[in-house]
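**Q** My structure file run.txt, compact mmCIF, C-alpha atoms, is below:
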```txt
# COMPACT_ATOMS: atom_id res chain seq x y z
CA MET A 5 53.41 167.09 144.57
CA THR A 6 55.63 164.00 144.69
CA SER A 7 56.25 162.22 147.96
CA PRO A 8 59.73 162.53 149.55
CA ARG A 9 60.44 158.86 148.85
CA ILE A 10 59.71 159.17 145.13
CA HIS A 11 61.62 162.45 145.09
CA ASN A 12 64.70 160.73 146.55
CA LEU A 13 64.36 157.85 144.09
CA LEU A 14 64.21 160.21 141.12
CA PHE A 15 67.19 162.12 142.47
CA ALA A 16 69.21 158.88 142.81
CA LEU A 17 68.29 157.81 139.28
CA ALA A 18 69.39 161.20 137.97
CA VAL A 19 72.78 160.88 139.72
CA VAL A 20 73.33 157.38 138.31
CA ALA A 21 72.34 158.56 134.85
CA CYS A 22 74.80 161.47 135.03
CA LEU A 23 77.64 159.20 136.14
CA GLY A 24 76.85 156.72 133.40
CA ILE A 25 76.77 159.38 130.70
CA THR A 26 80.08 160.80 131.96
CA ALA A 27 81.78 157.37 131.92
CA TRP A 28 80.45 156.58 128.46
CA SER A 29 81.62 159.89 127.03
CA VAL A 30 85.14 159.44 128.46
CA ALA A 31 85.40 155.91 127.04
CA ALA A 32 84.00 157.04 123.72
CA ARG A 33 86.59 159.83 123.42
CA GLU A 34 89.52 157.54 124.26
CA PRO A 35 88.90 154.13 122.78
CA GLY A 36 91.09 151.42 124.30
CA VAL A 37 91.64 153.49 127.42
CA PHE A 38 92.05 150.28 129.41
CA ALA A 39 94.29 148.66 126.86
CA LEU A 40 98.05 148.52 127.24
CA PRO A 41 99.76 151.61 125.89
CA ALA A 42 101.40 151.19 122.53
CA PRO A 43 105.15 151.16 122.85
CA ALA A 44 107.00 154.31 121.95
CA PRO A 45 109.00 154.22 118.72
CA LEU A 46 112.35 152.49 119.01
CA PRO A 47 115.33 154.72 119.46
CA SER A 48 117.44 154.83 116.36
CA ALA A 49 120.75 153.02 116.22
CA GLN A 50 122.46 156.40 116.28
CA THR A 51 121.57 156.74 119.93
CA ALA A 52 123.78 153.76 120.77
CA PRO A 53 127.00 154.87 122.46
CA ASP A 54 129.78 155.94 120.13
CA ILE A 55 132.83 154.10 121.42
CA GLN A 56 135.45 156.39 119.96
CA GLU A 57 133.83 159.54 121.30
CA ALA A 58 133.72 157.95 124.77
CA THR A 59 137.48 157.25 124.81
CA PRO A 60 139.10 159.39 127.50
CA ALA A 61 142.57 160.87 127.42
CA LYS A 62 145.38 158.35 127.33
CA ASN A 63 146.89 159.75 130.52
CA VAL A 64 143.73 158.75 132.44
CA ILE A 65 144.26 155.11 131.46
CA GLU A 66 147.96 155.19 132.25
CA GLN A 67 147.39 156.88 135.59
CA GLN A 68 144.85 154.24 136.60
CA ILE A 69 147.23 151.52 135.50
CA ARG A 70 149.94 153.05 137.70
CA GLU A 71 147.47 153.27 140.60
CA GLY A 72 146.54 149.62 140.15
CA LYS A 73 142.91 150.27 139.31
CA LEU A 74 143.34 148.99 135.77
CA SER A 75 145.43 146.13 134.50
CA ARG A 76 148.06 146.24 131.78
CA GLN A 77 148.15 142.49 131.34
CA ARG A 78 149.28 141.58 127.85
CA ALA A 79 146.28 140.32 125.91
CA ARG A 80 146.22 137.09 123.92
CA HIS A 81 144.81 136.49 120.45
CA TRP A 82 145.92 139.62 118.65
CA GLN A 83 148.55 140.68 116.18
CA ARG A 84 150.37 143.77 115.03
CA VAL A 85 149.13 145.32 111.83
CA THR A 86 151.44 146.81 109.26
CA PRO A 87 149.90 149.92 107.70
CA MET B 13 147.55 155.55 108.85
CA SER B 14 149.40 155.47 112.18
CA ALA B 15 152.08 152.98 113.15
CA ASN B 16 151.71 150.61 116.14
CA LEU B 17 148.32 149.38 114.97
CA VAL B 18 147.04 146.17 116.52
CA ARG B 19 144.17 143.89 115.56
CA CYS B 20 142.33 142.00 118.28
CA GLU B 21 141.29 138.51 117.16
CA LEU B 22 139.08 137.56 120.07
CA CYS B 23 135.67 138.07 118.51
CA PHE B 24 133.97 138.64 115.17
CA ARG B 25 134.46 142.41 115.43
CA LEU B 26 138.22 142.08 114.80
CA CYS B 27 138.88 145.59 116.06
CA THR B 28 141.90 147.36 114.59
CA LEU B 29 143.16 149.85 117.12
CA ALA B 30 145.56 152.74 117.00
CA PRO B 31 147.52 153.54 120.18
CA GLY B 32 145.20 155.03 122.78
CA GLU B 33 142.06 153.34 121.44
CA HIS B 34 139.76 150.90 123.21
CA GLY B 35 138.28 147.97 121.40
CA ASN B 36 134.56 147.84 120.76
CA CYS B 37 134.29 145.92 124.04
CA ARG B 38 136.16 148.70 125.89
CA ALA B 39 138.04 146.11 127.97
CA ARG B 40 141.02 145.87 125.59
CA TYR B 41 143.28 148.77 124.75
CA ASN B 42 146.22 149.58 122.51
CA LEU B 43 148.95 150.76 124.90
CA ASP B 44 151.82 152.00 122.76
CA GLY B 45 151.48 149.26 120.16
CA GLU B 46 150.69 146.41 122.54
CA LEU B 47 147.18 145.11 123.09
CA VAL B 48 146.45 144.88 126.80
CA SER B 49 143.52 143.77 128.88
CA LEU B 50 142.53 146.63 131.16
CA VAL B 51 140.42 144.31 133.31
CA TYR B 52 142.63 141.33 134.17
CA GLY B 53 142.14 140.65 137.88
CA LYS B 54 139.94 143.74 138.21
CA PRO B 55 136.32 142.62 138.51
CA CYS B 56 133.57 145.17 139.01
CA SER B 57 131.05 142.57 140.18
CA VAL B 58 131.73 139.76 142.63
CA HIS B 59 128.81 137.79 144.10
CA VAL B 60 127.81 134.41 145.42
CA ASP B 61 124.64 133.31 143.62
CA PRO B 62 122.40 130.28 143.65
CA ILE B 63 123.38 128.38 140.51
CA GLU B 64 119.77 128.51 139.28
CA LYS B 65 120.21 132.26 138.75
CA LYS B 66 122.57 131.85 135.81
CA PRO B 67 120.17 130.17 134.83
CA LEU B 68 121.53 126.65 135.16
CA TYR B 69 118.98 124.05 136.11
CA HIS B 70 120.69 120.79 135.14
CA PHE B 71 124.10 121.47 136.65
CA LEU B 72 124.81 120.98 140.36
CA PRO B 73 121.27 121.99 141.42
CA GLY B 74 120.94 123.75 144.76
CA SER B 75 124.63 124.69 144.89
CA ARG B 76 126.30 128.08 145.21
CA ILE B 77 128.34 129.59 142.41
CA PHE B 78 131.01 132.28 142.78
CA SER B 79 130.22 134.85 140.08
CA ILE B 80 132.51 137.53 138.69
CA ALA B 81 132.48 140.05 135.86
CA THR B 82 134.57 142.91 134.58
CA ALA B 83 133.36 146.06 132.87
CA GLY B 84 132.86 146.17 129.12
CA CYS B 85 131.15 143.89 126.62
CA ASN B 86 131.33 143.13 122.92
CA GLY B 87 127.55 143.08 122.70
CA HIS B 88 125.41 146.22 122.89
CA CYS B 89 121.93 144.85 123.39
CA LEU B 90 119.45 147.70 123.66
CA PHE B 91 117.72 145.81 126.47
CA CYS B 92 120.88 144.95 128.44
CA GLN B 93 119.97 144.16 132.03
CA ASN B 94 123.58 144.85 133.14
CA TRP B 95 124.23 147.94 131.03
CA GLU B 96 125.67 149.91 133.92
CA ILE B 97 128.77 147.75 133.79
CA SER B 98 128.63 146.27 130.30
CA GLN B 99 128.33 149.55 128.41
CA ARG B 100 130.94 151.41 130.42
CA ASN B 101 134.67 151.83 130.13
CA PRO B 102 136.61 149.99 132.86
CA GLU B 103 138.13 153.29 133.98
CA GLU B 104 134.63 154.60 134.77
CA VAL B 105 133.54 151.72 137.01
CA PRO B 106 134.68 150.89 140.58
CA THR B 107 136.71 147.68 140.63
CA GLU B 108 138.42 145.49 143.16
CA ASN B 109 141.71 143.67 142.98
CA LEU B 110 141.05 139.93 142.69
CA PRO B 111 143.74 137.97 140.89
CA PRO B 112 142.88 134.47 139.65
CA ALA B 113 144.29 132.73 142.72
CA ASP B 114 142.07 134.83 144.95
CA VAL B 115 139.01 134.02 142.84
CA VAL B 116 139.50 130.38 143.75
CA LYS B 117 140.36 131.10 147.37
CA GLU B 118 137.21 133.21 147.87
CA ALA B 119 135.02 130.73 146.02
CA VAL B 120 136.15 127.91 148.27
CA ALA B 121 135.78 130.08 151.39
CA ALA B 122 132.19 130.90 150.33
CA ASP B 123 131.37 127.19 150.01
CA CYS B 124 130.86 127.42 146.27
CA ARG B 125 131.17 124.37 144.04
CA SER B 126 131.76 126.35 140.88
CA VAL B 127 132.85 129.68 139.43
CA ALA B 128 130.82 131.65 136.88
CA PHE B 129 132.17 134.25 134.48
CA THR B 130 129.02 136.21 133.94
CA TYR B 131 126.98 139.49 134.09
CA THR B 132 128.96 141.06 131.21
CA ASP B 133 130.47 138.69 128.62
CA PRO B 134 133.46 136.58 129.67
CA SER B 135 134.78 136.83 126.11
CA VAL B 136 136.03 140.33 126.86
CA PHE B 137 137.93 139.25 129.96
CA PHE B 138 139.19 136.12 128.24
CA GLU B 139 142.64 135.99 129.84
CA TYR B 140 141.26 136.50 133.35
CA ALA B 141 138.54 133.90 132.84
CA TYR B 142 141.00 131.40 131.40
CA ASP B 143 143.65 131.76 134.10
CA SER B 144 141.02 131.67 136.86
CA SER B 145 139.45 128.57 135.30
CA VAL B 146 142.78 126.72 135.22
CA LEU B 147 143.31 127.37 138.93
CA ALA B 148 139.66 126.65 139.77
CA LYS B 149 139.95 123.21 138.19
CA LYS B 150 143.07 122.48 140.21
CA GLY B 151 141.12 123.57 143.29
CA GLY B 152 138.32 121.09 142.58
CA LEU B 153 135.83 123.64 141.30
CA ARG B 154 133.82 123.58 138.08
CA ASN B 155 133.76 126.49 135.64
CA VAL B 156 130.73 128.05 134.01
CA LEU B 157 130.48 130.65 131.24
CA VAL B 158 127.37 132.81 131.00
CA THR B 159 127.80 134.26 127.57
CA ALA B 160 126.28 135.75 124.45
CA GLY B 161 128.63 133.60 122.39
CA PHE B 162 130.74 136.29 120.76
CA LEU B 163 134.14 134.58 120.73
CA ASN B 164 136.12 133.35 117.73
CA GLU B 165 136.81 129.68 117.30
CA LYS B 166 140.45 129.53 118.36
CA PRO B 167 140.07 131.34 121.71
CA GLN B 168 136.76 129.58 122.28
CA ARG B 169 138.23 126.08 121.94
CA GLU B 170 141.09 127.14 124.21
CA LEU B 171 138.71 128.43 126.90
CA MET B 172 136.41 125.45 126.62
CA LYS B 173 139.23 123.08 127.54
CA VAL B 174 138.87 124.46 131.09
CA THR B 175 135.08 125.01 131.06
CA ASP B 176 132.44 122.60 132.31
CA ALA B 177 129.16 124.28 131.44
CA ALA B 178 127.84 127.28 129.56
CA THR B 179 124.60 129.22 129.60
CA ILE B 180 124.45 130.68 126.12
CA ASP B 181 122.10 133.42 124.94
CA LEU B 182 120.31 132.72 121.69
CA LYS B 183 118.51 136.02 121.47
CA GLY B 184 116.53 135.85 118.24
CA ASN B 185 116.80 135.75 114.47
CA GLU B 186 119.29 137.53 112.20
CA ALA B 187 117.25 140.73 111.97
CA PHE B 188 116.95 140.94 115.76
CA TYR B 189 120.68 140.54 116.19
CA GLU B 190 121.42 143.28 113.67
CA LYS B 191 118.85 145.80 114.85
CA ILE B 192 118.59 145.23 118.60
CA VAL B 193 121.75 143.38 119.66
CA LEU B 194 123.93 145.35 117.22
CA ALA B 195 125.80 142.15 116.38
CA LYS B 196 125.44 139.05 114.21
CA LEU B 197 123.68 135.73 114.65
CA LYS B 198 126.07 133.44 112.71
CA PRO B 199 129.00 133.79 115.18
CA VAL B 200 126.64 132.80 118.01
CA GLN B 201 125.39 129.74 116.13
CA ASN B 202 129.01 128.74 115.47
CA TYR B 203 129.81 129.24 119.15
CA ILE B 204 126.99 126.93 120.18
CA ARG B 205 128.09 124.27 117.67
CA ILE B 206 131.67 124.41 118.93
CA ALA B 207 130.57 124.25 122.56
CA ALA B 208 128.63 121.09 121.74
CA GLN B 209 131.67 119.63 119.93
CA GLU B 210 133.82 120.39 122.98
CA LYS B 211 131.31 118.47 125.14
CA ILE B 212 130.47 121.44 127.33
CA PHE B 213 127.16 121.07 129.14
CA ILE B 214 124.92 123.67 127.50
CA GLU B 215 121.73 125.43 128.52
CA LEU B 216 120.22 128.04 126.21
CA VAL B 217 118.52 131.31 127.10
CA ASN B 218 116.09 133.42 125.09
CA LEU B 219 114.94 136.75 126.53
CA ILE B 220 111.53 137.55 125.07
CA VAL B 221 111.22 141.27 124.40
CA PRO B 222 107.68 142.52 123.64
CA THR B 223 107.13 143.73 120.07
CA LEU B 224 110.71 142.86 119.07
CA ASN B 225 111.24 139.08 119.22
CA ASP B 226 107.97 137.80 120.67
CA LYS B 227 106.16 136.76 117.48
CA PRO B 228 105.42 133.02 117.45
CA ALA B 229 107.02 132.64 114.00
CA GLU B 230 110.29 134.15 115.25
CA ILE B 231 110.38 132.00 118.36
CA ARG B 232 109.61 128.96 116.20
CA GLU B 233 112.53 129.87 113.94
CA VAL B 234 114.92 129.92 116.90
CA LEU B 235 113.57 126.65 118.29
CA SER B 236 113.76 124.92 114.89
CA TRP B 237 117.45 125.75 114.70
CA VAL B 238 118.04 124.48 118.25
CA LEU B 239 116.23 121.21 117.58
CA GLY B 240 118.11 120.69 114.33
CA GLU B 241 121.49 121.51 115.79
CA LEU B 242 121.39 120.23 119.38
CA GLY B 243 118.29 118.06 119.62
CA PRO B 244 115.45 118.10 122.15
CA ASP B 245 117.47 117.49 125.31
CA VAL B 246 119.15 120.88 125.66
CA PRO B 247 117.44 122.84 128.46
CA MET B 248 115.76 125.92 127.03
CA HIS B 249 115.06 128.95 129.23
CA PHE B 250 112.66 131.71 128.21
CA LEU B 251 113.28 134.81 130.31
CA ARG B 252 110.85 137.62 130.86
CA PHE B 253 112.07 141.08 129.83
CA PHE B 254 111.83 144.08 132.12
CA PRO B 255 112.24 147.65 130.83
CA MET B 256 115.90 148.60 130.93
CA TYR B 257 118.63 150.68 129.31
CA LYS B 258 117.49 151.83 125.84
CA LEU B 259 114.21 149.93 125.94
CA ALA B 260 112.77 151.53 129.06
CA ASN B 261 109.81 152.54 126.88
CA LEU B 262 108.54 148.97 126.54
CA TYR B 263 106.39 147.07 129.01
CA PRO B 264 107.43 143.82 130.71
CA THR B 265 106.73 140.66 128.70
CA PRO B 266 103.16 139.56 129.41
CA ALA B 267 102.88 136.32 131.33
CA GLU B 268 100.71 134.80 128.56
CA THR B 269 103.48 135.43 126.02
CA MET B 270 105.97 133.59 128.22
CA ILE B 271 103.66 130.62 128.77
CA ASP B 272 102.74 130.46 125.07
CA ALA B 273 106.43 130.37 124.10
CA ALA B 274 107.11 127.59 126.60
CA ARG B 275 104.13 125.55 125.39
CA MET B 276 105.23 126.02 121.79
CA ALA B 277 108.69 124.72 122.66
CA GLU B 278 107.17 121.65 124.30
CA ASP B 279 104.82 121.07 121.37
CA MET B 280 107.79 121.25 119.00
CA GLY B 281 109.49 118.50 121.01
CA MET B 282 111.85 120.25 123.45
CA HIS B 283 112.10 118.13 126.58
CA TYR B 284 113.22 120.66 129.20
CA VAL B 285 111.57 124.05 128.89
CA TYR B 286 111.68 126.69 131.60
CA VAL B 287 110.36 130.19 132.17
CA GLY B 288 112.43 132.64 134.21
CA ASN B 289 111.76 135.98 135.93
CA LEU B 290 108.15 134.86 136.33
CA PRO B 291 106.78 132.38 138.87
CA THR B 292 104.84 129.78 136.89
CA GLY B 293 105.10 126.63 139.01
CA GLU B 294 104.89 124.29 136.03
CA PHE B 295 107.78 125.80 134.05
CA GLU B 296 110.09 126.08 137.04
CA ASN B 297 110.15 122.32 137.63
CA THR B 298 111.94 119.55 135.77
CA LYS B 299 109.70 116.74 134.62
CA CYS B 300 110.66 113.49 133.00
CA PRO B 301 110.05 113.72 129.23
CA LYS B 302 108.93 110.08 129.23
CA CYS B 303 106.60 109.58 132.21
CA LYS B 304 106.06 113.28 133.10
CA ASP B 305 106.93 112.72 136.76
CA VAL B 306 108.16 115.94 138.41
CA MET B 307 111.67 115.08 139.55
CA ILE B 308 113.02 118.51 140.51
CA GLU B 309 110.90 121.20 142.11
CA ARG B 310 112.05 124.81 142.22
CA ARG B 311 110.74 127.99 143.77
CA GLY B 312 112.49 130.99 142.23
CA TYR B 313 116.20 130.37 142.65
CA ARG B 314 115.70 127.70 145.32
CA THR B 315 115.66 124.00 144.56
CA PRO B 316 114.06 122.35 147.56
CA THR B 317 113.46 118.94 145.95
CA VAL B 318 115.70 116.83 143.72
CA ARG B 319 114.40 113.29 143.26
CA LEU B 320 116.79 111.93 140.66
CA LYS B 321 118.43 108.56 141.19
CA ASP B 322 121.95 108.55 139.71
CA GLY B 323 120.86 111.04 137.07
CA ARG B 324 117.76 109.06 136.16
CA CYS B 325 114.03 109.47 136.64
CA PRO B 326 113.12 107.68 139.89
CA LYS B 327 109.90 106.42 138.33
CA CYS B 328 110.77 105.16 134.83
CA ASN B 329 114.61 105.20 134.91
CA GLU B 330 114.91 107.58 131.91
CA THR B 331 118.35 109.24 131.78
CA ILE B 332 118.04 112.96 132.43
CA PRO B 333 120.84 115.07 130.87
CA GLY B 334 122.81 117.10 133.35
CA VAL B 335 125.71 117.21 135.77
CA TRP B 336 124.07 116.22 138.98
CA ARG B 337 127.07 115.83 141.34
```
As structure tokens, please, write out the structure in this file.
**A**
Amino acid sequence: MTSPRIHNLLFALAVVACLGITAWSVAAREPGVFALPAPAPLPSAQTAPDIQEATPAKNVIEQQIREGKLSRQRARHWQRVTP
Amino acid sequence: MSANLVRCELCFRLCTLAPGEHGNCRARYNLDGELVSLVYGKPCSVHVDPIEKKPLYHFLPGSRIFSIATAGCNGHCLFCQNWEISQRNPEEVPTENLPPADVVKEAVAADCRSVAFTYTDPSVFFEYAYDSSVLAKKGGLRNVLVTAGFLNEKPQRELMKVTDAATIDLKGNEAFYEKIVLAKLKPVQNYIRIAAQEKIFIELVNLIVPTLNDKPAEIREVLSWVLGELGPDVPMHFLRFFPMYKLANLYPTPAETMIDAARMAEDMGMHYVYVGNLPTGEFENTKCPKCKDVMIERRGYRTPTVRLKDGRCPKCNETIPGVWR
């Protein structure tokens, strides 16, 4: 019959061995687990905002101009276009 | 095709607009056959910043700069750090009423030595930036543009007559501009050339975005152009990217990538290389390119020590480019 001291030592070794095997198996299943994640694929250009679809009703602009929230200062560097 | 069409000639996009349409920048609008600026005197961002935040390191160091922006932008960078105002219509964003005269009045009251047109791109609030700049100059202030460089030659030369300094983004190569900035590189290169011709004090900025413009060969391509066009004395800032807007899936630029880019720039011959959004010590300070003495020490946006003597190195007397007073 083993002494209590040897029994405790064997028990401790068994616990360490179990923990080691568990850690190894996790790392083996997921290689690079500590590496930086790969970036997700880039969004396509189609996800960029569509300016024309975002244009609100004209009366919203004109109302905000009347209220003084928006300006109606004549721009520079433009010209009229003849269709 | 409808009548009352207008064509904006401010930037390379040359938007043709029918009545009721915004330009690509969203800040300009066809109101019954007349092109108007929706944002003149209506900033959505007004702040007092340390000038180092622009970033401007060789221009009035340690001073305060009155910084304004309106909504809208003619760039659509997928990584935009200010997308909440740049990629919005002006009618969607809270604004305040601040006509050009009040810009100057508030800048002076806040003990600022200069005014910056920044956060979004000042190209899209051209008229407001120009009129404010004229008054700022009369009031003894300097004017700074923080810009991606999307402005055609004629308006650019006009604006630069009342501008003292510019922090200009040079974001990457042609492919990066097309795919990620949704714009073009050539107009930006022209802008930088013209700014140099107009004797504006220039500092350049390159935001390094992981996996997209961080390859050494791409950074070298950008630096080669800068060295060929402007020479080694233009201050070059590499900024660290943080996940934002449509690139929230990426990780922040690793510190090693930032340091490697800065070292490459120095090895290629650039004299004043800085790293931003990352405390590095070495690449926050200004050292003399000749004797390597550290003349200006910075900690973040603070500049506690400036040891220049009349714009020269105190040790070897080398002239250091900048506007120091």
**Q** Could you tell me how far atom CA of Arg311 of chain B lies from atom CA of Pro326 of chain B, in Å and to one decimal?
**A**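 Those two atoms sit 20.8 Å apart.
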**Q** Could you list, as a list of chain:residue names, the residues of chain B having an atom within 7 Å of chain A when counting all atoms listed in the file?
**A**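 Going by the stated atoms only, the list reads B:Met13, B:Ala15, B:Leu17, B:Val18, B:Arg19, B:Cys20, B:Glu21, B:Leu22, B:Gly32, B:Glu33, B:His34, B:Asn36, B:Leu47, B:Val48, B:Ser49, B:Leu50, B:Val51, B:Tyr52, B:Lys54, B:Glu103, B:Thr107, B:Glu139, B:Asn261, B:Leu262.
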**Q** Could you take the residues named above and write them with C-alpha atoms, as an mmCIF file, keeping the file's coordinate frame?
**A**
```cif
data_model
loop_
_atom_site.group_PDB
_atom_site.id
_atom_site.type_symbol
_atom_site.label_atom_id
_atom_site.label_comp_id
_atom_site.auth_asym_id
_atom_site.auth_seq_id
_atom_site.Cartn_x
_atom_site.Cartn_y
_atom_site.Cartn_z
ATOM 1 C CA MET B 13 147.550 155.550 108.850
ATOM 2 C CA ALA B 15 152.080 152.980 113.150
ATOM 3 C CA LEU B 17 148.320 149.380 114.970
ATOM 4 C CA VAL B 18 147.040 146.170 116.520
ATOM 5 C CA ARG B 19 144.170 143.890 115.560
ATOM 6 C CA CYS B 20 142.330 142.000 118.280
ATOM 7 C CA GLU B 21 141.290 138.510 117.160
ATOM 8 C CA LEU B 22 139.080 137.560 120.070
ATOM 9 C CA GLY B 32 145.200 155.030 122.780
ATOM 10 C CA GLU B 33 142.060 153.340 121.440
ATOM 11 C CA HIS B 34 139.760 150.900 123.210
ATOM 12 C CA ASN B 36 134.560 147.840 120.760
ATOM 13 C CA LEU B 47 147.180 145.110 123.090
ATOM 14 C CA VAL B 48 146.450 144.880 126.800
ATOM 15 C CA SER B 49 143.520 143.770 128.880
ATOM 16 C CA LEU B 50 142.530 146.630 131.160
ATOM 17 C CA VAL B 51 140.420 144.310 133.310
ATOM 18 C CA TYR B 52 142.630 141.330 134.170
ATOM 19 C CA LYS B 54 139.940 143.740 138.210
ATOM 20 C CA GLU B 103 138.130 153.290 133.980
ATOM 21 C CA THR B 107 136.710 147.680 140.630
ATOM 22 C CA GLU B 139 142.640 135.990 129.840
ATOM 23 C CA ASN B 261 109.810 152.540 126.880
ATOM 24 C CA LEU B 262 108.540 148.970 126.540
#
```
**Q** Would you mind listing what lies within 6 Å of segment 177-180 of chain B as a short mmCIF file (atom, residue, chain, number, x, y, z; two decimals) with C-alpha atoms, in the frame of the given file, with only C-alpha atoms counted and same-chain residues fewer than 6 positions away left out?
**A**
```
data_model
loop_
_atom_site.label_atom_id
_atom_site.label_comp_id
_atom_site.auth_asym_id
_atom_site.auth_seq_id
_atom_site.Cartn_x
_atom_site.Cartn_y
_atom_site.Cartn_z
CA VAL B 156 130.73 128.05 134.01
CA LEU B 157 130.48 130.65 131.24
CA VAL B 158 127.37 132.81 131.00
CA THR B 159 127.80 134.26 127.57
CA ALA B 160 126.28 135.75 124.45
CA ILE B 212 130.47 121.44 127.33
CA PHE B 213 127.16 121.07 129.14
CA ILE B 214 124.92 123.67 127.50
CA GLU B 215 121.73 125.43 128.52
CA LEU B 216 120.22 128.04 126.21
#
```
**Q** Leaving out Asp143 of chain B and any residue of its chain fewer than 6 positions from it, which residues lie within 12 Å of it when counting only C-alpha atoms, given as a ChimeraX atom specification?
**A** /A:77,80 /B:52-53,111-116,129,137,149-150,155,170-171,173-175
**Q** Segment 216-235 of chain B, all listed atoms, 8 Å padding on each side: what axis-aligned box centre and edge lengths in Å to one decimal come out, as AutoDock Vina command-line options?
**A**
```
--center_x 112.8 --center_y 135.2 --center_z 120.5 --size_x 30.8 --size_y 33.1 --size_z 29.2
```
**Q** Near segment 118-127 of chain B, within 7 Å and counting all atoms listed in the file, which residues show up once chain neighbours fewer than 4 positions away are dropped, as a list in words?
**A**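 Close residues of segment 118-127 of chain B: Ser75, Arg76, Ile77, Phe78, Ser79, Asp114, Leu153, Arg154, Asn155 and Val156 of chain B.
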**Q** For atom CA of Ile332 of chain B and atom CA of Asp245 of chain B, determine how far apart the two atoms are, in Å to one decimal place.
**A**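 Here the two named atoms are 8.5 Å from each other.
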**Q** At a cut-off of 12 Å around the point (124.0, 149.7, 127.5) (file coordinates), what residues fall inside when counting only C-alpha atoms? I'd like the answer as an mmCIF file with C-alpha atoms, in the coordinates of the input.
**A**
```
data_model
loop_
_atom_site.group_PDB
_atom_site.id
_atom_site.type_symbol
_atom_site.label_atom_id
_atom_site.label_comp_id
_atom_site.auth_asym_id
_atom_site.auth_seq_id
_atom_site.Cartn_x
_atom_site.Cartn_y
_atom_site.Cartn_z
ATOM 1 C CA THR A 51 121.570 156.740 119.930
ATOM 2 C CA ALA A 52 123.780 153.760 120.770
ATOM 3 C CA PRO A 53 127.000 154.870 122.460
ATOM 4 C CA ASP A 54 129.780 155.940 120.130
ATOM 5 C CA ILE A 55 132.830 154.100 121.420
ATOM 6 C CA CYS B 37 134.290 145.920 124.040
ATOM 7 C CA ALA B 83 133.360 146.060 132.870
ATOM 8 C CA GLY B 84 132.860 146.170 129.120
ATOM 9 C CA CYS B 85 131.150 143.890 126.620
ATOM 10 C CA ASN B 86 131.330 143.130 122.920
ATOM 11 C CA GLY B 87 127.550 143.080 122.700
ATOM 12 C CA HIS B 88 125.410 146.220 122.890
ATOM 13 C CA CYS B 89 121.930 144.850 123.390
ATOM 14 C CA LEU B 90 119.450 147.700 123.660
ATOM 15 C CA PHE B 91 117.720 145.810 126.470
ATOM 16 C CA CYS B 92 120.880 144.950 128.440
ATOM 17 C CA GLN B 93 119.970 144.160 132.030
ATOM 18 C CA ASN B 94 123.580 144.850 133.140
ATOM 19 C CA TRP B 95 124.230 147.940 131.030
ATOM 20 C CA GLU B 96 125.670 149.910 133.920
ATOM 21 C CA ILE B 97 128.770 147.750 133.790
ATOM 22 C CA SER B 98 128.630 146.270 130.300
ATOM 23 C CA GLN B 99 128.330 149.550 128.410
ATOM 24 C CA ARG B 100 130.940 151.410 130.420
ATOM 25 C CA ASN B 101 134.670 151.830 130.130
ATOM 26 C CA THR B 132 128.960 141.060 131.210
ATOM 27 C CA ILE B 192 118.590 145.230 118.600
ATOM 28 C CA VAL B 193 121.750 143.380 119.660
ATOM 29 C CA LEU B 194 123.930 145.350 117.220
ATOM 30 C CA MET B 256 115.900 148.600 130.930
ATOM 31 C CA TYR B 257 118.630 150.680 129.310
ATOM 32 C CA LYS B 258 117.490 151.830 125.840
ATOM 33 C CA LEU B 259 114.210 149.930 125.940
ATOM 34 C CA ALA B 260 112.770 151.530 129.060
#
```
**Q** With only C-alpha atoms counted, which protein, DNA or RNA residues have an atom no more than 10 Å from (117.1, 126.4, 129.4) in the file frame? Please answer as a list of chain:residue names.
**A**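 Within 10 Å of (117.1, 126.4, 129.4), the protein and nucleic acid residues are B:Pro67, B:Leu68, B:Tyr69, B:His70, B:Thr179, B:Ile180, B:Asp181, B:Ile214, B:Glu215, B:Leu216, B:Val217, B:Asn218, B:Asp245, B:Val246, B:Pro247, B:Met248, B:His249, B:Phe250, B:Leu251, B:Tyr284, B:Val285, B:Tyr286, B:Val287, B:Gly288.
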**Q** Do you have the atom CA of Gly240 of chain B-atom CA of Asp176 of chain B distance handy?
**A**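 Distance between the two atoms: 23.1 Å.
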**Q** For Leu182 of chain B, which of B:Leu224, B:Ala208, B:Ala30, B:Leu235 is the closest residue, counting all atoms listed in the file?
**A**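 Result for the nearest residue to Leu182 of chain B: B:Leu235.
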**Q** Gly161 of chain B: which residues within 8 Å, counting all atoms listed in the file, same-chain residues fewer than 6 positions away excluded, as a list in words?
**A**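 Counting only the stated atoms, we get Ser135, Ile180, Asp181, Pro199, Val200, Tyr203 and Ile204 of chain B.
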**Q** What would segment 25-29 of chain A look like with N, CA and C atoms restored, written as a compact mmCIF listing (two decimals), in the frame of the given file?
**A**
```txt
# COMPACT_ATOMS: atom_id res chain seq x y z
N ILE A 25 76.52 158.59 131.91
CA ILE A 25 76.77 159.38 130.70
C ILE A 25 78.21 159.89 130.69
N THR A 26 78.70 160.31 131.86
CA THR A 26 80.08 160.80 131.96
C THR A 26 81.07 159.68 131.60
N ALA A 27 80.86 158.49 132.18
CA ALA A 27 81.78 157.37 131.92
C ALA A 27 81.76 156.98 130.45
N TRP A 28 80.59 156.94 129.87
CA TRP A 28 80.45 156.58 128.46
C TRP A 28 81.16 157.59 127.58
N SER A 29 81.02 158.87 127.90
CA SER A 29 81.62 159.89 127.03
C SER A 29 83.14 159.86 127.14
```
